Each structure stands twice: as structure tokens, then as C-alpha cells.
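Contents: one structure, followed by commentary.
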Amino acid sequence: MSLDEVQDVRTPDAAATPDAPAASSKPGAWAALRPLLLRMHFYAGILIAPLLFLAAATGLLYAGSWQAEKILYADELTVARVGGSTAPLSAQLTAARATVPEGKVVAVWPAPDPEATTRVIMEVPGLEEGRTRTVFVDPYTAHVNGALTTEGDALPLRAWLSEFHSSLQLGEFGRNYSELAASWLWVVALGGLALWIGRRRSRKALLVLPDRAATGRRKTLSWHGAVGLWAVTGLVALSATGLTWSKYAGENIGQLQDGLGGATPSVSAALAPGSDTGSDAHAGHTMPDGTEMAATPPTADIGVDKAVAAARAAGVTHELRVTLPAKGNGYVIKEQDKQLPVHLDSVAVDPADGRIMDELRFADYPVLAKLTRFGIDLHMGKTLGLANQIALGALAVAVMFLVFWGYRMWWLRRPTKDRALSAGRAQPRGAWRKVPLTMLLPLAAATAVAGWFVPLLGISLVAFLAVDVLLGAVAARRAA
């Protein structure tokens, strides 16, 4: 998958034979299409590669943050000694309130394993939207181990690196960089795959392994293509899942998913009218997982311990996250064990009597909702735990090497006899004229649809074409 695979076709790989797979059935079509792919891949690589490198570098840091936060925040996350029995959740909430008296408890995440602490999530005045104050309580002694400002389940380090990866800490404007990178990643990856498979080579093994006998630019191209071939599936998956929560393409993907009946369902926790008399001072506030934050609770409340017991009796038992009652709502208790096999069932509990008002099983999710959930969690390094995070790190390193090799090939192709500073040239203009009309029209239509569905891809592509036309006009005038 080369960034700049443009080379003199008169000098193929040593001892090459005409065994290009893509050219065997329709040699005329591939011979016409290849120069167009080369030019697109060249310019996309040259102009988008810095963004891809940046996204890969920040993604590598994020992939490592899962293990780093376990070390950095070990005092908050783990208990000093595993006890024989745990204190009631109500007692743990009382300890947390005493530590942060200005905060309002909105949720509690019971300790998911014997060595872990309980997390008490609190809304505190002055925090940014989406951020909460989390108090870490020893479930055996109700001793508070510490408190941190968090975003969802991310502690400060991972929350900062997540924002750095998605926006470079530049806010909404910075999100354009990551969306632009994700918009082009699949184009560059699949285009490079086609070019690499379509090359002539002396041995089939050179399709999947670098050519150790090659030297210079051929050696670089060999490594670039082989590594790109191994990484292409992961790169396309990262691009697709990254676009799902992007600003512009993400909206289109969400609308398409909803239209196909694949929207992610949620449990209904609405109480019957008049069943509580609480204030709605916090109505409309939401937790990072999308559940409503607690306002003044209903008058009749069985308490968090009995609500959790009711949820466990209903089969909701793994890594619980409990949202306390809000105005007009009961308890929402969800599983959040996203490692395979996943446990993502949820129930709503009536705070008056502990009755299960509604339940939602992950097995009942629409297929598209399940795929979206799996894709996002794989992108974030959750589904397969440490193995997932290592794979993400390997993909990030692969992207950085692919960008480096691509620029190196560009540099090696420069005219060495020129005294002025120069660089490798792209495939000559006008390649599209050689593509058969029966192939060109569907290709143009598919490009238009992709550009509309992924707006930053379409806008940047139009900008590239405009600049290319302008440069072509200037070159033609100089030649004249």
C-alpha cells in the first residue's frame, strides 16, 4: 500500500513476470485505472499523511493510557486489603458525600472485582460539561481512597489523551483534524491495497513479505506494501469506527443507522405520573453514558442497596453502574462489562417498591446496534482488554512507519541531477481520460456519494482537484 508507488514501468521488480492478479481478467481496464489510482494515492498520501501520522501518534498514547492509569491511580483504584464482607452501598455513599459535601451523588459503580474500589459519581458546581467528580471508596471499610475529576469511565490521564487524540485539545475546531484523517484513511488504505496487489512480482511470497534482496527505493516500497497489506483490515476498521462519532460524517451514519432500524435502544425508567414529588432542578443533565443525571429523588425510595439487589435478582450482575432516581424516573442499573463475552443488560427499578419496571437484554439489540457497540469498543481498546490495546498500538506504529516509508520513497524519486531542491513527481495528469467510460461513470458516481456521505472527504477532494487544475494551468502557461 504505497504512498508513492509511481515508478518507471519499464523497470519492474527484478525477474518480474506478468502475473499481476488484477490485470489477468481485464488487463485493459486495470492498465487504464492504475495511473488514476497512482495519482490519487500519491496526492492523498502527500497531503493527508501528516494528519494520519498525528492521529496514529496520539492514538498510540491513548492505547497505552489504559495500563498507565492502573499504575498512576493505583491508590484510588485498588483496596489496601480484601475483606471478608462489604459495607452497604448506602454507607459508601455517605462516606463519599462527607468527602465532597458540595457535590450531588448521581450514580454509583459498585466495585467490579474484590481488589477494586467503588466509584461514587458526583455532580459538582463549576465542572465542565460532561465532567464529574468521582470519589473512590473502599467497599470493605467505607474509607475514601481519593477523589478525581473524571469523564465517563476515563480518569484524568486517559480523559486528557482521549481529547488530545480526537481534537488536539483544540475544542470543536480541532475535531476536524481527526475526522479528516479518518475520512481519508480508508481511501488511502484501499487504494494502496489495490496498487500493491496489482503489481508484478517474481514470487507470490513477495505479496505478503518484504523483499530482503531489494535495495534502495525498492526495499522501502517492499516494506511499505507488505506492512500495509497486513494492516489494511485494521486501518479500514479504525476509519469506519472513528467516523461513527465524528461531527459531520457521524450525523449521516447515525441517520442511516436509525433509518435501517439499528438505533441503540435504552431501558425506560419513567415512573407513573404523580409517583414522586421531587424537584427537577437538574432535569436535562445527562451522564457520559447517556442516562439522565439524578435530580431530587422520589419521596418513596427503597434505597440503593435494595434496588441493586432487585437488579441482581433479575440477572443484571456484571460490573454494575447505578444511576440514582431523577425527577420522574426510577433507578437505572446497567451492566458495563464490555470484554468478551460482553454483559450489557440493563433494568429500571421502581424506587417505591423495587419492582422491575423495564428490562433490556443485549441479545435483543438490533444487529447494527451490536456492531456499532463492538466497533466502538474495539476502537477504544475495551473489548479484548490488553490484547486489544496491544493491537491498537501495533496499528498505530504501522501507520507511522507507512507514512515514513511513503515520504522516503517520494524523496528517493527526486531528480538527483537537479541543483535546485526537488522531490519526486506524481503520475502525469490526464490519467482519467484513459479510463473506459463504463468504468469512469460508476467511479465518479461512487466518489460523489462518498463525498456527500463523508463531507470532509468530499470538501477536501474538491479542494485538491481545484489546486491540481490551477497548478496544471500554470505549468501549461510556462511551457507555452
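Numbering starts fresh at 1 for the residues of each chain in the C-alpha cells, the chains themselves are lettered A, B, ... in the order given, and ligands are numbered from 1 as they appear.
For segment 375-379 of chain A, the set of protein, DNA and RNA residues having any atom at most 10 Å away, when counting only C-alpha atoms and skipping those fewer than 2 positions along the same chain, is Gly59, Ala63, Gly234, Ala237, Leu238, Ser239, Ala240, Thr241, Gly242, Leu243, Thr244, Trp245, Lys338, Gln339, Ala369, Lys370, Leu371, Thr372, Arg373, Gly381, Lys382, Thr383, Leu384, Gly385, Asn388, Gln389, Ala391 and Leu392 of chain A.
Here the DSSP assignment of strand (DSSP E or B), based on backbone atoms, applies within segment 26-106 of chain A to Thr78, Lys104, Val105 and Val106 of chain A.
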Select from segment 110-212 of chain A everything DSSP, run on the backbone, classes as alpha helix (DSSP H), then give the selection as number ranges by chain.
-> A: 156-167, 171-197
Please write the residues from the selection above to a file, keeping C-alpha atoms, as a short mmCIF file (atom, residue, chain, number, x, y, z; two decimals), in the first residue's frame.
```
data_model
loop_
_atom_site.label_atom_id
_atom_site.label_comp_id
_atom_site.auth_asym_id
_atom_site.auth_seq_id
_atom_site.Cartn_x
_atom_site.Cartn_y
_atom_site.Cartn_z
CA PRO A 156 -7.70 12.34 34.22
CA LEU A 157 -4.80 10.91 32.17
CA ARG A 158 -6.94 8.90 29.77
CA ALA A 159 -9.55 11.65 29.53
CA TRP A 160 -6.85 14.14 28.51
CA LEU A 161 -5.26 11.78 26.00
CA SER A 162 -8.67 10.90 24.54
CA GLU A 163 -9.37 14.58 23.91
CA PHE A 164 -5.84 15.05 22.59
CA HIS A 165 -6.37 12.19 20.13
CA SER A 166 -9.72 13.48 18.91
CA SER A 167 -9.13 17.24 18.86
CA GLY A 171 -12.05 22.01 21.05
CA GLU A 172 -14.59 21.69 18.25
CA PHE A 173 -12.21 23.17 15.69
CA GLY A 174 -9.61 20.52 16.50
CA ARG A 175 -12.09 17.71 15.86
CA ASN A 176 -11.84 18.49 12.16
CA TYR A 177 -8.30 17.10 12.09
CA SER A 178 -9.29 13.66 13.36
CA GLU A 179 -12.37 13.49 11.17
CA LEU A 180 -10.34 14.47 8.12
CA ALA A 181 -7.78 11.78 8.93
CA ALA A 182 -10.49 9.13 9.44
CA SER A 183 -12.24 10.26 6.23
CA TRP A 184 -9.15 9.63 4.11
CA LEU A 185 -7.64 6.66 5.93
CA TRP A 186 -9.88 4.07 4.26
CA VAL A 187 -9.38 5.69 0.84
CA VAL A 188 -5.60 5.64 1.11
CA ALA A 189 -5.61 2.13 2.58
CA LEU A 190 -7.88 0.53 -0.03
CA GLY A 191 -6.25 2.41 -2.91
CA GLY A 192 -2.83 1.30 -1.76
CA LEU A 193 -4.09 -2.27 -1.38
CA ALA A 194 -5.27 -2.32 -4.99
CA LEU A 195 -1.97 -0.92 -6.23
CA TRP A 196 0.07 -3.39 -4.20
CA ILE A 197 -1.93 -6.44 -5.29
#
```
For Val100 of chain A, work out the shell of residues within 9 Å, counting only C-alpha atoms and skipping chain neighbours fewer than 6 positions away, then give it as a PyMOL selection string.
-> chain A and resi 122+124+133+135+147
Residue contacts of Arg34 of chain A (9 Å, only C-alpha atoms) excluding same-chain residues fewer than 3 positions away, as number ranges by chain = A: 29-31, 37-39, 194-195, 198, 431
Atom CA of Arg408 of chain A and atom CA of Arg218 of chain A, how far apart in Å?
-> 11.1 Å
Measure the distance from atom CA of Leu386 of chain A to atom CA of Thr118 of chain A in Å and round it to one decimal.
-> 22.3 Å
If you count only C-alpha atoms, which residues fall within 6 Å of Val435 of chain A, apart from same-chain ones fewer than 4 positions away, as a count of residues only?
-> 3
Counting only C-alpha atoms, what is within 12 Å of Lys306 of chain A, bar same-chain residues fewer than 4 positions away, as JSON, numbers by chain?
-> {"A": [88, 89, 90, 301, 302, 310, 311, 312, 313, 322, 331, 333, 349, 350, 351, 352, 353, 354, 355, 356]}
If we count only C-alpha atoms, what is near Trp452 of chain A at a cut-off of 12 Å, once residues fewer than 4 positions away on the same chain are taken out, given as an MDAnalysis selection string?
-> chainID A and resid 183 248:249 252:253 445:448 456:462
Measuring atom to atom with only C-alpha atoms, identify which of A:Ala269, A:Leu77, A:Leu368, A:Ala309 is nearest to Val347 of chain A.
-> A:Ala269
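Nearest to Ser65 of chain A of all the residues A:Leu168, A:Ala154, A:Ala473, A:Ala44 is A:Ala154, counting only C-alpha atoms.
The residue that comes closest to Arg81 of chain A, out of A:Ala466, A:Leu412, A:Ala116, A:Leu271 and on the basis of only C-alpha atoms, is A:Ala116.
You can rank A:Val208, A:Leu324, A:Leu52, A:Val449 by their closest distance to Ala348 of chain A using only C-alpha atoms, and at the top of that list sits A:Leu324.
Counting only C-alpha atoms, the residue from A:Ala80, A:Val469, A:Ala396, A:Leu256 that sits nearest to Gly64 of chain A is A:Ala396.
Restricting the calculation to only C-alpha atoms, the smallest distance between Val403 of chain A and any of A:Val232, A:Leu36, A:Ala314, A:Ile46 is found for A:Ile46.
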